[in-house]
Amino acid sequence: MNTGYFHGYKGYRFFKNAQIGLPFTSYDEVYATIQYDSALKSLFYGKMMFIETAVKNIALESILVHANSENIQDMFDRVVSGYKNAPATFTTEQKKKLQQNKLNLQNSIQSSLAYAYKKDNPKITHFYNNDGYSGVPIWALFEIMTMGDLGYLLSCLTYDVRDDISKRLGINVSCDTNRQLLFKYIYTFKDLRSAIAHNAVVFDTRFRNIDPNNAMKQCLKLEIGLPYVNFKTIGDYVILMCYYLKLLQVSKTELKAFIRDFEKITEDFRNSVNPNVASIVIHPDLSSRMNFLKNFL
């Protein structure tokens with residue numbers, strides 16, 4: 001009753017999709033899987049919030065510097081890609097695509113502001129209802145952005161601004177010719193964050209909506225020394241989180257404690273289910289991948 005028939009009992013009886021059933025022998029094993037999933041979400045939540053806030057602030061600072069203004073329209077004019085400021089090498093069709101993305105971004109931001117105003121969000125109403133302000137500043141807009149909104153904004157920025165934010169973060173751009181890692185990784189985080197926020201299943205990465213491109217794979221392979229990266233297991237998300245947390249100067253002690261907690265949660269789950277279930281849920285090379293990660297730290 002507490003976990004729900006469809007959310008709990010039905011939802012956790014398979015791995016990724018209904019075609020891969022988990023060979024449970026008792027309800028206790030189903031419940032152990034639900035507990036494992038809940039423990040993972042609890043462990044990840046604080047780290048995800050920290051990463052989201054920190055990346056937002058770093059991106060915001062760069063945007064304000066390059067726009068030389070707090071005005072949202074100035075941001076559109078000076079740091080967002082469009083037809084008029086597209087690279088000279090771009091074709092007409094490529095320039096039109098940039099312009100369409102810019103218009104979509106403008107529409108999305110106006111919709112977010114309108115919704116926040118309708119909901120009487122003080123972060124937004126303060127500026128519209130005060131005669132001393134001509135509009136909402138960029139930094140206030142960032143306060144109401146979701147992680148998906150942030151990813152889309154980053155994808156629409158000019159190359160120079162994406163390059164600057166990437167370097168401020170410390171991302172290895174040697175394999176990122178088009179400076180797409182900045183928003184590609186945010187979209188990857190967004191899928192996990194949404195699953196956590198909506199109490200969806202995370203242990204088997206069924207929330208995954210993005211296929212990593214070569215740059216996303218190569219960056220983590222080079223930085224951490226991994227033989228491969230595919231984000232098909234929850235361990236890869238732990239690796240990406242730790243990569244970002246290290247870039248954001250979180251201490252080695254805190255990072256190692258995070259990994260230890262993840263390993264303990266996983267080992268507790270292994271000991272709570274039969275070997276056939278554990279062999280499906282826990283990837284056989286998880287331990288070796290965590291060792292690569294610890295060496296990287």
# chains A, B, ... in the order shown; residues from 1 in each chain; ligands from 1
>>> closest_atom_pairs(of="range 83-106 of chain A", to="range 147-168 of chain A", cutoff="12 Å", atoms="only C-alpha atoms", output="tab-separated table")
residue	atom	partner	partner_atom	distance
A:Tyr83	CA	A:Thr158	CA	11.4
A:Lys84	CA	A:Thr158	CA	11.5
A:Asn85	CA	A:Thr158	CA	8.3
A:Ala86	CA	A:Thr158	CA	8.1
A:Pro87	CA	A:Tyr159	CA	8.9
A:Lys97	CA	A:Cys156	CA	10.6
A:Leu98	CA	A:Cys156	CA	7.5
A:Gln99	CA	A:Cys156	CA	9.4
A:Gln100	CA	A:Cys156	CA	10.1
A:Asn101	CA	A:Cys156	CA	6.7
A:Lys102	CA	A:Cys156	CA	6.5
A:Leu103	CA	A:Cys156	CA	10.1
A:Asn104	CA	A:Tyr152	CA	9.6
A:Leu105	CA	A:Leu153	CA	6.8
A:Gln106	CA	A:Leu153	CA	9.6
>>> write_last_selection(atoms="N, CA, C and O atoms", output="mmCIF file, in the first residue's frame")
data_model
loop_
_atom_site.group_PDB
_atom_site.id
_atom_site.type_symbol
_atom_site.label_atom_id
_atom_site.label_comp_id
_atom_site.auth_asym_id
_atom_site.auth_seq_id
_atom_site.Cartn_x
_atom_site.Cartn_y
_atom_site.Cartn_z
ATOM 1 N N TYR A 83 20.748 34.911 -36.865
ATOM 2 C CA TYR A 83 21.114 35.030 -38.283
ATOM 3 C C TYR A 83 22.238 36.044 -38.481
ATOM 4 O O TYR A 83 23.192 35.810 -39.225
ATOM 5 N N LYS A 84 22.138 37.185 -37.789
ATOM 6 C CA LYS A 84 23.064 38.289 -38.044
ATOM 7 C C LYS A 84 24.462 38.093 -37.458
ATOM 8 O O LYS A 84 25.425 38.678 -37.950
ATOM 9 N N ASN A 85 24.574 37.294 -36.386
ATOM 10 C CA ASN A 85 25.908 37.105 -35.788
ATOM 11 C C ASN A 85 26.420 35.676 -35.946
ATOM 12 O O ASN A 85 27.300 35.232 -35.215
ATOM 13 N N ALA A 86 25.848 34.960 -36.926
ATOM 14 C CA ALA A 86 26.293 33.591 -37.195
ATOM 15 C C ALA A 86 27.713 33.610 -37.767
ATOM 16 O O ALA A 86 28.121 34.594 -38.398
ATOM 17 N N PRO A 87 28.492 32.544 -37.553
ATOM 18 C CA PRO A 87 29.831 32.474 -38.141
ATOM 19 C C PRO A 87 29.779 32.667 -39.656
ATOM 20 O O PRO A 87 28.825 32.240 -40.322
ATOM 21 N N LYS A 97 18.535 28.390 -39.011
ATOM 22 C CA LYS A 97 18.306 27.495 -37.877
ATOM 23 C C LYS A 97 18.686 28.180 -36.567
ATOM 24 O O LYS A 97 17.967 28.068 -35.557
ATOM 25 N N LEU A 98 19.812 28.903 -36.580
ATOM 26 C CA LEU A 98 20.212 29.654 -35.392
ATOM 27 C C LEU A 98 19.150 30.689 -35.018
ATOM 28 O O LEU A 98 18.824 30.867 -33.836
ATOM 29 N N GLN A 99 18.622 31.375 -36.045
ATOM 30 C CA GLN A 99 17.610 32.399 -35.792
ATOM 31 C C GLN A 99 16.335 31.778 -35.223
ATOM 32 O O GLN A 99 15.709 32.339 -34.314
ATOM 33 N N GLN A 100 15.962 30.616 -35.746
ATOM 34 C CA GLN A 100 14.768 29.941 -35.234
ATOM 35 C C GLN A 100 14.953 29.532 -33.771
ATOM 36 O O GLN A 100 14.061 29.683 -32.943
ATOM 37 N N ASN A 101 16.149 29.027 -33.457
ATOM 38 C CA ASN A 101 16.455 28.663 -32.069
ATOM 39 C C ASN A 101 16.389 29.884 -31.149
ATOM 40 O O ASN A 101 15.916 29.798 -30.016
ATOM 41 N N LYS A 102 16.881 31.006 -31.654
ATOM 42 C CA LYS A 102 16.851 32.252 -30.876
ATOM 43 C C LYS A 102 15.408 32.674 -30.599
ATOM 44 O O LYS A 102 15.058 33.059 -29.476
ATOM 45 N N LEU A 103 14.567 32.592 -31.630
ATOM 46 C CA LEU A 103 13.156 32.958 -31.469
ATOM 47 C C LEU A 103 12.457 32.005 -30.506
ATOM 48 O O LEU A 103 11.630 32.430 -29.687
ATOM 49 N N ASN A 104 12.789 30.722 -30.609
ATOM 50 C CA ASN A 104 12.212 29.736 -29.685
ATOM 51 C C ASN A 104 12.631 30.038 -28.247
ATOM 52 O O ASN A 104 11.837 29.905 -27.314
ATOM 53 N N LEU A 105 13.893 30.441 -28.084
ATOM 54 C CA LEU A 105 14.400 30.779 -26.753
ATOM 55 C C LEU A 105 13.669 32.002 -26.200
ATOM 56 O O LEU A 105 13.266 32.023 -25.026
ATOM 57 N N GLN A 106 13.502 33.021 -27.038
ATOM 58 C CA GLN A 106 12.786 34.223 -26.603
ATOM 59 C C GLN A 106 11.364 33.879 -26.166
ATOM 60 O O GLN A 106 10.882 34.364 -25.130
#
>>> select_by_dssp(residues="range 144-220 of chain A", states="alpha helix (DSSP H)", output="MDAnalysis selection string")
chainID A and resid 144 147:156 159:169 181:197 214:220
>>> write_last_selection(atoms="N, CA and C atoms", output="compact mmCIF listing (two decimals), in the first residue's frame")
# COMPACT_ATOMS: atom_id res chain seq x y z
N ILE A 144 14.44 31.42 -11.92
CA ILE A 144 13.24 30.62 -12.21
C ILE A 144 13.47 29.60 -13.31
N MET A 147 16.43 23.17 -15.16
CA MET A 147 17.68 22.69 -15.73
C MET A 147 17.55 22.54 -17.25
N GLY A 148 16.35 22.17 -17.72
CA GLY A 148 16.12 22.08 -19.16
C GLY A 148 16.20 23.45 -19.81
N ASP A 149 15.63 24.46 -19.15
CA ASP A 149 15.71 25.84 -19.65
C ASP A 149 17.17 26.27 -19.76
N LEU A 150 17.93 25.94 -18.73
CA LEU A 150 19.35 26.32 -18.72
C LEU A 150 20.09 25.66 -19.88
N GLY A 151 19.83 24.38 -20.08
CA GLY A 151 20.48 23.66 -21.18
C GLY A 151 20.18 24.29 -22.53
N TYR A 152 18.91 24.68 -22.73
CA TYR A 152 18.54 25.28 -24.02
C TYR A 152 19.18 26.64 -24.20
N LEU A 153 19.20 27.45 -23.14
CA LEU A 153 19.86 28.75 -23.22
C LEU A 153 21.34 28.58 -23.57
N LEU A 154 22.02 27.66 -22.89
CA LEU A 154 23.44 27.44 -23.15
C LEU A 154 23.66 27.01 -24.60
N SER A 155 22.75 26.21 -25.14
CA SER A 155 22.90 25.74 -26.52
C SER A 155 22.73 26.87 -27.53
N CYS A 156 22.06 27.95 -27.13
CA CYS A 156 21.80 29.06 -28.04
C CYS A 156 22.86 30.17 -27.96
N TYR A 159 29.45 30.90 -29.87
CA TYR A 159 30.59 30.02 -29.60
C TYR A 159 31.52 30.62 -28.56
N ASP A 160 31.80 31.91 -28.68
CA ASP A 160 32.75 32.56 -27.76
C ASP A 160 32.28 32.49 -26.32
N VAL A 161 30.99 32.67 -26.10
CA VAL A 161 30.46 32.64 -24.73
C VAL A 161 30.45 31.20 -24.20
N ARG A 162 30.07 30.24 -25.06
CA ARG A 162 30.11 28.83 -24.63
C ARG A 162 31.54 28.41 -24.31
N ASP A 163 32.48 28.90 -25.11
CA ASP A 163 33.89 28.61 -24.86
C ASP A 163 34.34 29.18 -23.52
N ASP A 164 33.92 30.40 -23.23
CA ASP A 164 34.30 31.05 -21.98
C ASP A 164 33.72 30.30 -20.77
N ILE A 165 32.44 29.94 -20.84
CA ILE A 165 31.81 29.23 -19.73
C ILE A 165 32.46 27.86 -19.53
N SER A 166 32.74 27.17 -20.64
CA SER A 166 33.40 25.86 -20.57
C SER A 166 34.73 25.96 -19.84
N LYS A 167 35.49 27.00 -20.17
CA LYS A 167 36.81 27.18 -19.56
C LYS A 167 36.70 27.65 -18.12
N ARG A 168 35.68 28.44 -17.81
CA ARG A 168 35.46 28.83 -16.41
C ARG A 168 35.15 27.60 -15.56
N LEU A 169 34.39 26.68 -16.14
CA LEU A 169 34.07 25.44 -15.44
C LEU A 169 35.28 24.52 -15.33
N LEU A 181 29.74 20.34 -25.19
CA LEU A 181 29.71 19.60 -23.93
C LEU A 181 28.95 20.37 -22.86
N LEU A 182 29.08 21.68 -22.88
CA LEU A 182 28.48 22.54 -21.88
C LEU A 182 26.99 22.25 -21.72
N PHE A 183 26.27 22.19 -22.84
CA PHE A 183 24.83 21.96 -22.74
C PHE A 183 24.46 20.50 -22.86
N LYS A 184 25.28 19.69 -23.51
CA LYS A 184 24.99 18.26 -23.62
C LYS A 184 25.00 17.58 -22.25
N TYR A 185 25.99 17.93 -21.43
CA TYR A 185 26.06 17.36 -20.09
C TYR A 185 24.92 17.87 -19.21
N ILE A 186 24.51 19.12 -19.41
CA ILE A 186 23.38 19.65 -18.63
C ILE A 186 22.10 18.90 -18.99
N TYR A 187 21.90 18.59 -20.27
CA TYR A 187 20.74 17.80 -20.66
C TYR A 187 20.79 16.40 -20.04
N THR A 188 22.00 15.85 -19.93
CA THR A 188 22.17 14.53 -19.31
C THR A 188 21.79 14.60 -17.83
N PHE A 189 22.27 15.62 -17.15
CA PHE A 189 21.91 15.83 -15.75
C PHE A 189 20.40 16.06 -15.60
N LYS A 190 19.83 16.79 -16.55
CA LYS A 190 18.42 17.16 -16.47
C LYS A 190 17.52 15.94 -16.40
N ASP A 191 17.85 14.91 -17.18
CA ASP A 191 17.05 13.68 -17.17
C ASP A 191 17.05 13.04 -15.78
N LEU A 192 18.23 12.98 -15.16
CA LEU A 192 18.35 12.40 -13.82
C LEU A 192 17.64 13.28 -12.80
N ARG A 193 17.84 14.58 -12.89
CA ARG A 193 17.23 15.49 -11.93
C ARG A 193 15.71 15.41 -11.98
N SER A 194 15.15 15.34 -13.18
CA SER A 194 13.70 15.24 -13.32
C SER A 194 13.17 13.95 -12.70
N ALA A 195 13.90 12.86 -12.90
CA ALA A 195 13.49 11.57 -12.32
C ALA A 195 13.49 11.64 -10.80
N ILE A 196 14.52 12.28 -10.24
CA ILE A 196 14.60 12.42 -8.78
C ILE A 196 13.45 13.30 -8.28
N ALA A 197 13.23 14.43 -8.95
CA ALA A 197 12.22 15.39 -8.50
C ALA A 197 10.82 14.81 -8.55
N ASN A 214 30.19 11.69 -29.42
CA ASN A 214 31.59 11.30 -29.26
C ASN A 214 32.33 12.19 -28.26
N ALA A 215 32.05 13.49 -28.31
CA ALA A 215 32.73 14.41 -27.40
C ALA A 215 32.41 14.09 -25.94
N MET A 216 31.13 13.77 -25.66
CA MET A 216 30.71 13.43 -24.30
C MET A 216 31.43 12.18 -23.79
N LYS A 217 31.58 11.22 -24.68
CA LYS A 217 32.27 9.98 -24.31
C LYS A 217 33.76 10.21 -24.15
N GLN A 218 34.34 10.90 -25.12
CA GLN A 218 35.78 11.07 -25.15
C GLN A 218 36.29 11.89 -23.98
N CYS A 219 35.54 12.91 -23.60
CA CYS A 219 35.95 13.76 -22.48
C CYS A 219 36.14 12.94 -21.21
N LEU A 220 35.13 12.14 -20.85
CA LEU A 220 35.21 11.35 -19.62
C LEU A 220 36.22 10.22 -19.74
>>> closest_residue(among="A:Gly4, A:Leu113, A:Pro23, A:Tyr36", to="Asn276 in chain A", atoms="only C-alpha atoms")
A:Pro23
>>> closest_residue(among="A:Val273, A:Val55, A:Ile234, A:Met75", to="Lys16 in chain A", atoms="only C-alpha atoms")
A:Ile234
>>> closest_atom_pairs(of="range 14-33 of chain A", to="range 203-208 of chain A", cutoff="10 Å", atoms="only C-alpha atoms", output="JSON lines")
{"residue": "A:Phe14", "atom": "CA", "partner": "A:Asp204", "partner_atom": "CA", "distance": 9.1}
{"residue": "A:Phe15", "atom": "CA", "partner": "A:Asp204", "partner_atom": "CA", "distance": 6.0}
{"residue": "A:Lys16", "atom": "CA", "partner": "A:Arg206", "partner_atom": "CA", "distance": 4.9}
{"residue": "A:Asn17", "atom": "CA", "partner": "A:Arg206", "partner_atom": "CA", "distance": 7.5}
{"residue": "A:Thr33", "atom": "CA", "partner": "A:Phe203", "partner_atom": "CA", "distance": 8.6}
>>> write_last_selection(atoms="N, CA, C and O atoms", output="PDB file, in the first residue's frame")
ATOM      1  N   PHE A  14      10.771  -4.879 -13.427  1.00  0.00           N
ATOM      2  CA  PHE A  14      11.563  -5.044 -14.648  1.00  0.00           C
ATOM      3  C   PHE A  14      12.745  -4.099 -14.633  1.00  0.00           C
ATOM      4  O   PHE A  14      12.808  -3.174 -13.813  1.00  0.00           O
ATOM      5  N   PHE A  15      13.685  -4.333 -15.550  1.00  0.00           N
ATOM      6  CA  PHE A  15      14.900  -3.527 -15.653  1.00  0.00           C
ATOM      7  C   PHE A  15      14.895  -2.799 -16.988  1.00  0.00           C
ATOM      8  O   PHE A  15      14.952  -3.426 -18.050  1.00  0.00           O
ATOM      9  N   LYS A  16      14.767  -1.483 -16.948  1.00  0.00           N
ATOM     10  CA  LYS A  16      14.697  -0.608 -18.125  1.00  0.00           C
ATOM     11  C   LYS A  16      13.376  -0.714 -18.866  1.00  0.00           C
ATOM     12  O   LYS A  16      12.715   0.276 -19.132  1.00  0.00           O
ATOM     13  N   ASN A  17      12.976  -1.925 -19.290  1.00  0.00           N
ATOM     14  CA  ASN A  17      11.711  -2.087 -20.001  1.00  0.00           C
ATOM     15  C   ASN A  17      11.056  -3.416 -19.636  1.00  0.00           C
ATOM     16  O   ASN A  17      11.696  -4.306 -19.067  1.00  0.00           O
ATOM     17  N   THR A  33      14.469  -3.528  -3.811  1.00  0.00           N
ATOM     18  CA  THR A  33      14.782  -2.756  -5.022  1.00  0.00           C
ATOM     19  C   THR A  33      14.220  -1.346  -4.920  1.00  0.00           C
ATOM     20  O   THR A  33      14.881  -0.373  -5.310  1.00  0.00           O
TER      21      THR A  33
END
>>> atom_distance(atom1="CA of Val201 in chain A", atom2="CA of Ser42 in chain A")
12.4 Å
>>> closest_residue(among="A:Leu245, A:Arg78, A:Glu29, A:Lys294", to="Glu263 in chain A", atoms="only C-alpha atoms")
A:Lys294
>>> residues_around(residues="range 128-136 of chain A", least_positions_apart="4", cutoff="12 Å", atoms="only C-alpha atoms", output="number ranges by chain")
A: 70-74, 109-110, 112-114, 116-118, 120-124, 140-144
>>> closest_residue(among="A:Thr233, A:Ser26, A:Ser81, A:Gln94", to="His283 in chain A", atoms="only C-alpha atoms")
A:Thr233
>>> select_by_dssp(residues="range 15-130 of chain A", states="strand (DSSP E)", output="PyMOL selection string")
chain A and resi 15+17-21
>>> closest_residue(among="A:Leu222, A:Leu22, A:Ala59, A:Ser69", to="Ser279 in chain A", atoms="only C-alpha atoms")
A:Leu22
>>> closest_residue(among="A:Leu226, A:Phe262, A:Leu248, A:Tyr237", to="Asp285 in chain A", atoms="only C-alpha atoms")
A:Leu226
